[in-house]
Every structure is written in C-alpha cells, then in structure tokens.
2 protein chains.
Amino acid sequence: MLVAPGTQALIQLLPRLVPKSRVAVLGPTYEEHEVCWARQGHDVSVVVDVARAASADVLVVVNPDNPTGRLLSAEELGHTRRLLVVDEAFIDFLPADASLAGKLPPRTVVLRSFGKTYGLAGLRLGFAIGEPDLIARLATELGPWAVSGPALAIGRKALADDDWLVATKARLERDGHRLDALLASAGFTPVGATSLFRLVRHDDVPAVVERLGRHGIHVRAFSRHPRWLRFGLPGTDAAFLRLASALQSVSPE
Amino acid sequence: MLVAPGTQALIQLLPRLVPKSRVAVLGPTYEEHEVCWARQGHDVSVVVDVARAASADVLVVVNPDNPTGRLLSAEELGHTRRLLVVDEAFIDFLPADASLAGKLPPRTVVLRSFGKTYGLAGLRLGFAIGEPDLIARLATELGPWAVSGPALAIGRKALADDDWLVATKARLERDGHRLDALLASAGFTPVGATSLFRLVRHDDVPAVVERLGRHGIHVRAFSRHPRWLRFGLPGTDAAFLRLASALQSVSPE
C-alpha cells in the first residue's frame with residue numbers, strides 16, 4: 001500500500017506508468033480518469049458497461065460509481081488486463097466486504113480516498129493498494145516527502161477513531177434523507193446516489209443550473225446526460241435553508 | 001507563478017516536460033535534481049562550474065547552493081537554454097535582490113520553498129515562477145487540488161506576517177553562530193553554510209558519522225567529497241546539548 005497526497009495525484013500518475021494502451025473508463029463517472037489517461041496519449045473510450053471493455057488493455061472503474069452509485073462485484077470486473085484501476089473513493093460507508101481490495105485479478109490497483117469520508121476534503125491524503133512492483137513505481141514517481149505532515153498526523157488520528165467514522169456516517173445519512181426529501185418536493189426524480197451526492201433527473205436542467213447559480217449554488221450537469229443533475233450534500237443547516245429557498249424559484253407551480 | 005505541494009513535486013515534474021536532453025546539474029548539491037532528471041531518461045552530468053555546462057540543453061542550479069552556500073548572479077548563469085532551473089530553496093534570508101526571479105533569460109523556472117524558511121518543513125508548499133506556457137504545463141501535470149487546504153491557509157498567513165520571517169531569521173542566525181562555535185571547538189573546519197545547515201571538513205568523516213550515529217544523530221556525508229560533512233541546525237536547546245555531548249566522543253584529544 002502507498003500513502004499519497006490525495007487520490008487525484010495517483011489518477012495523474014497511473015497513465016504515466018503504462019505503455020500506450022486502449023483504455024476503457026466505465027462511465028459516466030469522475031471525469032479526471034478519462035482526462036488524465038487521454039492527456040498521456042492513451043486511446044481512451046468511455047463505455048457504459050464492462051462487456052464493452054472486452055478488448056481494452058486498461059479498465060478504470062469508480063466503484064461505487066460517482067454519481068450513479070452503481071456497485072460492481074469482482075466477478076463482474078472480469079479477467080486479468082494490463083491494468084485494472086478500481087477507484088473506491090466512495091466506499092467507506094458501505095459494509096467492509098464491499099471493497100474489492102485483495103479480491104481482484106493480478107495487475108489491479110485499488111484507490112482509496114480519505115477526506116471525503118472524514119469530512120476533511122482538501123487535506124490531500126489517499127491510498128493505493130496493489131502489487132509491490134506497481135506500488136514501488138508509483139512511490140518513485142511521487143518522490144520523497146510527498147504527503148504533508150498535517151495529513152499524516154490527522155489521518156493517523158482519524159483512521160484510529162471508529163467513532164469519528166460512525167458519527168460522520170450517521171450525519172451523512174441523515175443529511176442525505178433530508179436532501180432526498182427536499183429534491184423530491186421540488187420535483188426532481190432520483191437517479192442515483194453516493195454518500196456525498198444525489199443524482200436526479202429534471203426536464204430542464206439548463207434552467208435549474210442557471211437559476212440556482214443566481215443564488216450562488218453550483219450543481220453539476222453532465223454533457224452526455226442532459227437531463228441529469230448532481231447535488232452535493234449541504235454542509236450546514238444554513239446551507240440546507242439556502243438550497244430550499246433557491247429551489248422554490250425553480251419548482252413547478 | 002504556480003503554487004505546488006512542495007518544491008520536490010516540481011523537481012519530479014520538470015524532467016517530464018522536456019524532450020530527452022543533455023542536462024547539467026551544478027554540484028555537488030541537493031541530489032534529487034540529478035536523480036529525477038536521470039530517472040526520466042535524460043543524459044545528466046554533475047558539473048563543478050557553469051563553464052562546463054556550455055553544451056548542456058538544460059542547466060539546474062541551486063542558488064544559494066545547499067550545502068556550500070555558493071551564490072551565483074544572473075550574468076554568471078549565462079545564455080538562454082532549452083531550460084534553466086534555479087532552485088532558490090534557501091534564498092529567503094538573503095537580501096530581497098538576491099533572487100534571480102525576473103532577471104533571467106527566457107525559458108527559466110525559479111523554484112521557491114516555504115517550509116524551510118518558516119519552520120514548517122512537511123507542510124508541502126512551494127512555488128514555481130516562470131513563463132506562462134511552462135507554468136501552465138506544470139499546472140496540468142500537477143492536476144487539480146494539488147495543494148492541501150492547511151498548506152494554503154498557513155501559507156497565506158505566514159507570507160503576510162513579516163514579523164514571522166524576521167523572528168525566524170534572527171533565531172536561525174543565533175543558532176547558526178552557536179553551531180559554528182560548537183563545530184569549531186570540536187575540530188571541524190568550516191566549508192560553507194546555508195541558513196539551515198553548516199558544511200565542514202574533517203579528516204575522518206566515516207568515524208564521525210558512525211560515532212554520532214551511535215548517539216542517534218544523523219549527519220550528511222558526500223560520496224564525491226569524502227572529507228565533507230553537513231550538520232543541520234539543532235532545533236532546541238536540548239538538541240544542542242545532545243550534539244555537544246555526542247561531539248565530545250569524536251573530538252581530538
């Protein structure tokens with residue numbers, strides 16, 4: 001296992017370690033996977049299911065997926081490839097056996113996040129789990145002293161504190177239900193979810209984005225799915241009230 | 001200018017942005033420059049003065065140098081190359097006009113450190129100053145959210161606090177004189193210095209390294225300069241006393 005300054009640093013590095021490949025990203029998902037592989041000159045396609053990645057040298061899967069919440073099993077991820085990347089950024093609140101670390105074919109790297117789970121986005125701490133040779137190459141490319149002292153100290157404390165995880169999980173579940181209710185009453189149809197996001201459908205996404213934007217609220221639209229919208233969980237009561245108030249301006253009569 | 005998670009992250013990245021080149025590192029110096037350029041397949045040589053780098057495509061200079069303290073002027077660094085890298089990690093306590101940022105030929109990148117100066121090693125904060133196209137390529141390779149929230153917040157506070165810099169400088173100067181006196185009385189000959197280190201000469205470096213090591217004190221030897229030794233500044237009175245006690249066991253009678 002390798003400790004890294006956030007999962008994004010690993011997403012940037014992995015495409016540099018592999019010769020030019022056919023890369024399939026199971027999507028739609030976190031777009032930086034596709035962007036980073038393409039930037040390093042790989043032949044990248046976004047596929048909607050694993051069956052369409054049969055001929056790819058490299059498969060990248062966010063599991064559970066952001067934003068849809070889709071969760072695949074080790075069997076569904078199939079055979080050994082040049083490289084299989086499983087990004088488990090959103091797995092911490094699922095039962096422990098949902099993680100595929102240790103259950104996958106050779107030449108797999110599992111990415112784990114930290115800040116999302118513990119409410120510390122921006123701390124820059126993440127992990128790669130894989131075979132020693134791949135981990136050693138990632139470590140060399142990251143270089144010495146890559147992870148900050150604060151990240152190491154806070155990470156050590158948080159990961160040893162089960163109550164922290166339990167309390168965060170309870171808070172996120174409560175806030176998630178509250179957001180579900182708010183979005184339902186504003187006329188959105190649920191499509192998927194992760195612990196930190198809700199994905200919904202709406203008939204006029206551009207109008208919603210624009211009107212919420214006028215209230216200073218940014219929601220995520222998806223160019224390949226023009227009726228999808230992703231809402232992040234508001235972090236405070238005040239933020240919930242602000243979102244509720246803004247949603248009134250976009251609701252059907 | 002680019003904000004990065006420490007200068008080391010930039011030292012790792014720069015060799016990836018340049019086609020295979022003849023690279024001269026003015027040395028001996030911080031060894032990661034040579035290591036990182038060589039790892040990316042460049043033809044690297046360590047040269048003892050700039051005149052011997054006349055045919056190099058890329059020149060790397062730590063200025064002032066660690067460990068010797070040697071300080072070069074813009075004129076001494078000479079003509080335009082494919083890339084000139086000037087690592088100013090130790091410049092913060094010199095007069096402001098010692099920095100070569102803005103005074104160098106095109107295709108130069110100046111690296112600045114933060115943690116060394118402000119007593120916050122391990123925070124992971126550093127800067128690259130250069131032309132917009134090179135800075136943009138470095139930013140792309142670093143990726144989004146590369147710098148931690150704590151580093152941004154603490155850096156913003158520290159860089160706006162002139163008293164912090166003045167107080168640190170006064171402390172390091174006082175501790176530097178104290179270390180100079182200790183090393184002189186233990187029979188070492190001064191060779192060079194930066195704000196955080198003293199470089200000295202000794203006739204039996206392996207014996208000193210080994211005996212200090214038995215006291216849990218690590219000093220830096222140099223394979224290419226077998227009579228050189230580098231001492232870091234002790235951080236506390238207790239550390240000074242510990243070093244003084246350990247030095248007694250290696251002193252001449």
# chains A, B, ... in the order shown; residues from 1 in each chain; ligands from 1
call {"tool": "residues_around", "arguments": {"residues": "Leu233 in chain B", "least_positions_apart": "4", "cutoff": "8 Å", "atoms": "only C-alpha atoms", "output": "VMD selection string"}}
result
chain B and resid 172 175 to 176 179 196 to 198
call {"tool": "interface_residues", "arguments": {"of": "chain B", "to": "chain A", "cutoff": "10 Å", "atoms": "only C-alpha atoms", "output": "PyMOL selection string"}}
result
chain B and resi 5-6+8-9+11-13+16+32+36+39-40+120-125+140-152
call {"tool": "residues_around", "arguments": {"residues": "Ala221 in chain B", "least_positions_apart": "2", "cutoff": "12 Å", "atoms": "only C-alpha atoms", "output": "PyMOL selection string"}}
result
chain B and resi 28+67+199-202+204-210+218-219+223-232
call {"tool": "residues_around", "arguments": {"residues": "Glu75 in chain A", "least_positions_apart": "4", "cutoff": "10 Å", "atoms": "only C-alpha atoms", "output": "list in words"}}
result
His79, Lys103, Leu104 and Pro105 of chain A
call {"tool": "residues_around", "arguments": {"residues": "Leu134 in chain A", "least_positions_apart": "3", "cutoff": "12 Å", "atoms": "only C-alpha atoms", "output": "ChimeraX atom specification"}}
result
/A:1-2,10,13-14,16-18,82-85,106-110,128-131,137-141
call {"tool": "residues_around", "arguments": {"residues": "Leu243 in chain A", "least_positions_apart": "2", "cutoff": "10 Å", "atoms": "only C-alpha atoms", "output": "count of residues only"}}
result
17
call {"tool": "atom_distance", "arguments": {"atom1": "CA of Arg211 in chain B", "atom2": "CA of Ala244 in chain B"}}
result
12.8 Å
call {"tool": "residues_around", "arguments": {"residues": "Asp57 in chain A", "least_positions_apart": "3", "cutoff": "8 Å", "atoms": "only C-alpha atoms", "output": "PyMOL selection string"}}
result
chain A and resi 21-24+81-83
call {"tool": "write_last_selection", "arguments": {"atoms": "N, CA, C and O atoms", "output": "PDB file, in the first residue's frame"}}
result
ATOM      1  N   SER A  21      -1.902   2.510 -24.450  1.00  0.00           N
ATOM      2  CA  SER A  21      -2.863   1.412 -24.323  1.00  0.00           C
ATOM      3  C   SER A  21      -4.242   1.835 -24.813  1.00  0.00           C
ATOM      4  O   SER A  21      -4.537   3.026 -24.916  1.00  0.00           O
ATOM      5  N   ARG A  22      -5.070   0.819 -25.052  1.00  0.00           N
ATOM      6  CA  ARG A  22      -6.503   1.065 -25.209  1.00  0.00           C
ATOM      7  C   ARG A  22      -7.104   1.059 -23.808  1.00  0.00           C
ATOM      8  O   ARG A  22      -7.018   0.054 -23.093  1.00  0.00           O
ATOM      9  N   VAL A  23      -7.683   2.177 -23.429  1.00  0.00           N
ATOM     10  CA  VAL A  23      -8.174   2.366 -22.061  1.00  0.00           C
ATOM     11  C   VAL A  23      -9.685   2.538 -22.104  1.00  0.00           C
ATOM     12  O   VAL A  23     -10.194   3.371 -22.867  1.00  0.00           O
ATOM     13  N   ALA A  24     -10.399   1.746 -21.312  1.00  0.00           N
ATOM     14  CA  ALA A  24     -11.844   1.914 -21.187  1.00  0.00           C
ATOM     15  C   ALA A  24     -12.158   2.427 -19.793  1.00  0.00           C
ATOM     16  O   ALA A  24     -11.688   1.866 -18.792  1.00  0.00           O
ATOM     17  N   ARG A  81      -6.081  -7.920 -16.943  1.00  0.00           N
ATOM     18  CA  ARG A  81      -5.716  -6.998 -18.028  1.00  0.00           C
ATOM     19  C   ARG A  81      -4.317  -6.474 -17.783  1.00  0.00           C
ATOM     20  O   ARG A  81      -3.690  -6.784 -16.774  1.00  0.00           O
ATOM     21  N   ARG A  82      -3.881  -5.590 -18.661  1.00  0.00           N
ATOM     22  CA  ARG A  82      -2.602  -4.917 -18.408  1.00  0.00           C
ATOM     23  C   ARG A  82      -2.691  -4.155 -17.089  1.00  0.00           C
ATOM     24  O   ARG A  82      -1.766  -4.163 -16.284  1.00  0.00           O
ATOM     25  N   LEU A  83      -3.833  -3.511 -16.862  1.00  0.00           N
ATOM     26  CA  LEU A  83      -4.055  -2.810 -15.591  1.00  0.00           C
ATOM     27  C   LEU A  83      -5.554  -2.642 -15.375  1.00  0.00           C
ATOM     28  O   LEU A  83      -6.291  -2.311 -16.307  1.00  0.00           O
TER      29      LEU A  83
END
call {"tool": "closest_residue", "arguments": {"among": "B:Thr189, B:Asn63, B:Thr68, B:Thr80", "to": "Ala101 in chain B", "atoms": "only C-alpha atoms"}}
result
B:Asn63
call {"tool": "select_by_dssp", "arguments": {"residues": "range 4-221 of chain A", "states": "strand (DSSP E or B)", "output": "PyMOL selection string"}}
result
chain A and resi 4+22-26+43-47+58-62+83-87+108-113+126-130+189-194+197-201+220-221
call {"tool": "write_last_selection", "arguments": {"atoms": "N, CA and C atoms", "output": "compact mmCIF listing (two decimals), in the first residue's frame"}}
result
# COMPACT_ATOMS: atom_id res chain seq x y z
N ALA A 4 -0.47 8.57 -0.39
CA ALA A 4 -0.28 9.60 -1.43
C ALA A 4 -0.96 10.89 -1.01
N ARG A 22 -5.07 0.82 -25.05
CA ARG A 22 -6.50 1.06 -25.21
C ARG A 22 -7.10 1.06 -23.81
N VAL A 23 -7.68 2.18 -23.43
CA VAL A 23 -8.17 2.37 -22.06
C VAL A 23 -9.69 2.54 -22.10
N ALA A 24 -10.40 1.75 -21.31
CA ALA A 24 -11.84 1.91 -21.19
C ALA A 24 -12.16 2.43 -19.79
N VAL A 25 -12.91 3.52 -19.74
CA VAL A 25 -13.38 4.06 -18.46
C VAL A 25 -14.87 3.77 -18.39
N LEU A 26 -15.29 3.07 -17.34
CA LEU A 26 -16.72 2.78 -17.18
C LEU A 26 -17.40 4.08 -16.74
N ASP A 43 -5.36 5.72 -25.86
CA ASP A 43 -6.59 5.69 -26.66
C ASP A 43 -7.75 5.37 -25.71
N VAL A 44 -8.47 6.41 -25.31
CA VAL A 44 -9.44 6.27 -24.22
C VAL A 44 -10.87 6.27 -24.76
N SER A 45 -11.69 5.34 -24.29
CA SER A 45 -13.12 5.44 -24.58
C SER A 45 -13.89 5.24 -23.28
N VAL A 46 -15.03 5.92 -23.20
CA VAL A 46 -15.91 5.76 -22.05
C VAL A 46 -16.97 4.75 -22.45
N VAL A 47 -17.10 3.68 -21.68
CA VAL A 47 -18.05 2.61 -22.01
C VAL A 47 -19.13 2.54 -20.95
N VAL A 58 -6.57 -1.56 -20.50
CA VAL A 58 -6.71 -0.96 -19.17
C VAL A 58 -8.19 -0.66 -18.94
N LEU A 59 -8.70 -1.04 -17.78
CA LEU A 59 -10.08 -0.72 -17.42
C LEU A 59 -10.07 0.11 -16.14
N VAL A 60 -10.83 1.21 -16.16
CA VAL A 60 -10.93 2.08 -15.00
C VAL A 60 -12.38 2.11 -14.54
N VAL A 61 -12.59 1.78 -13.26
CA VAL A 61 -13.94 1.72 -12.71
C VAL A 61 -13.97 2.49 -11.40
N VAL A 62 -14.92 3.39 -11.25
CA VAL A 62 -15.17 4.01 -9.95
C VAL A 62 -16.26 3.19 -9.28
N LEU A 83 -3.83 -3.51 -16.86
CA LEU A 83 -4.05 -2.81 -15.59
C LEU A 83 -5.55 -2.64 -15.37
N LEU A 84 -5.99 -2.90 -14.14
CA LEU A 84 -7.36 -2.61 -13.73
C LEU A 84 -7.27 -1.59 -12.59
N VAL A 85 -7.93 -0.46 -12.76
CA VAL A 85 -7.94 0.59 -11.74
C VAL A 85 -9.34 0.63 -11.13
N VAL A 86 -9.43 0.40 -9.83
CA VAL A 86 -10.72 0.46 -9.13
C VAL A 86 -10.64 1.59 -8.11
N ASP A 87 -11.38 2.65 -8.38
CA ASP A 87 -11.36 3.84 -7.54
C ASP A 87 -12.49 3.71 -6.51
N THR A 108 -3.92 -5.16 -10.58
CA THR A 108 -5.01 -4.28 -10.20
C THR A 108 -4.48 -3.27 -9.20
N VAL A 109 -4.95 -2.02 -9.29
CA VAL A 109 -4.67 -1.06 -8.23
C VAL A 109 -6.01 -0.51 -7.74
N VAL A 110 -6.18 -0.55 -6.41
CA VAL A 110 -7.38 -0.01 -5.78
C VAL A 110 -7.01 1.32 -5.16
N LEU A 111 -7.78 2.36 -5.48
CA LEU A 111 -7.54 3.70 -4.93
C LEU A 111 -8.54 3.96 -3.82
N ARG A 112 -8.03 4.47 -2.70
CA ARG A 112 -8.93 4.81 -1.59
C ARG A 112 -8.71 6.28 -1.23
N SER A 113 -9.80 6.90 -0.87
CA SER A 113 -9.79 8.30 -0.53
C SER A 113 -9.86 8.45 0.99
N GLY A 126 -4.57 10.07 0.37
CA GLY A 126 -5.23 8.97 -0.32
C GLY A 126 -4.30 7.77 -0.34
N PHE A 127 -4.80 6.65 -0.82
CA PHE A 127 -4.05 5.40 -0.74
C PHE A 127 -4.19 4.61 -2.03
N ALA A 128 -3.12 3.90 -2.38
CA ALA A 128 -3.16 2.94 -3.48
C ALA A 128 -2.82 1.58 -2.91
N ILE A 129 -3.62 0.58 -3.26
CA ILE A 129 -3.40 -0.78 -2.80
C ILE A 129 -3.16 -1.64 -4.05
N GLY A 130 -2.04 -2.35 -4.08
CA GLY A 130 -1.76 -3.15 -5.26
C GLY A 130 -0.52 -3.99 -5.06
N THR A 189 -36.54 13.81 -9.95
CA THR A 189 -36.67 12.35 -9.87
C THR A 189 -35.31 11.74 -9.51
N PRO A 190 -35.22 10.93 -8.47
CA PRO A 190 -33.92 10.34 -8.11
C PRO A 190 -33.40 9.37 -9.16
N VAL A 191 -32.10 9.43 -9.42
CA VAL A 191 -31.45 8.53 -10.38
C VAL A 191 -30.38 7.69 -9.68
N GLY A 192 -29.62 8.29 -8.79
CA GLY A 192 -28.55 7.56 -8.10
C GLY A 192 -28.03 8.38 -6.95
N ALA A 193 -27.10 7.78 -6.20
CA ALA A 193 -26.59 8.48 -5.02
C ALA A 193 -25.26 7.90 -4.58
N THR A 194 -24.41 8.73 -4.00
CA THR A 194 -23.31 8.26 -3.17
C THR A 194 -23.49 8.95 -1.83
N PHE A 197 -23.39 12.78 -2.51
CA PHE A 197 -24.09 13.38 -3.64
C PHE A 197 -25.43 12.70 -3.89
N ARG A 198 -26.34 13.45 -4.51
CA ARG A 198 -27.55 12.86 -5.04
C ARG A 198 -27.62 13.20 -6.53
N LEU A 199 -27.95 12.18 -7.33
CA LEU A 199 -28.11 12.37 -8.77
C LEU A 199 -29.60 12.31 -9.08
N VAL A 200 -30.10 13.34 -9.78
CA VAL A 200 -31.55 13.41 -10.07
C VAL A 200 -31.76 13.76 -11.54
N ARG A 201 -32.99 13.57 -11.97
CA ARG A 201 -33.35 13.89 -13.34
C ARG A 201 -34.33 15.07 -13.34
N ARG A 220 -24.02 20.18 -10.53
CA ARG A 220 -23.24 19.60 -11.60
C ARG A 220 -24.17 19.05 -12.67
N ALA A 221 -24.00 19.53 -13.92
CA ALA A 221 -24.69 18.96 -15.07
C ALA A 221 -23.73 18.03 -15.81
call {"tool": "closest_residue", "arguments": {"among": "A:Leu72, A:Ala53, A:Val48, A:Val166", "to": "Thr117 in chain A", "atoms": "only C-alpha atoms"}}
result
A:Val166
call {"tool": "select_by_dssp", "arguments": {"residues": "range 19-249 of chain A", "states": "alpha helix (DSSP H)", "output": "PyMOL selection string"}}
result
chain A and resi 32-39+74-77+115-118+132-142+149-159+162-185+205-214+237-248
call {"tool": "atom_distance", "arguments": {"atom1": "CA of His33 in chain A", "atom2": "CA of Arg171 in chain A"}}
result
29.2 Å
call {"tool": "closest_residue", "arguments": {"among": "B:Val3, B:Ala186, B:Ala74, B:Glu31", "to": "Gly102 in chain B", "atoms": "only C-alpha atoms"}}
result
B:Ala74
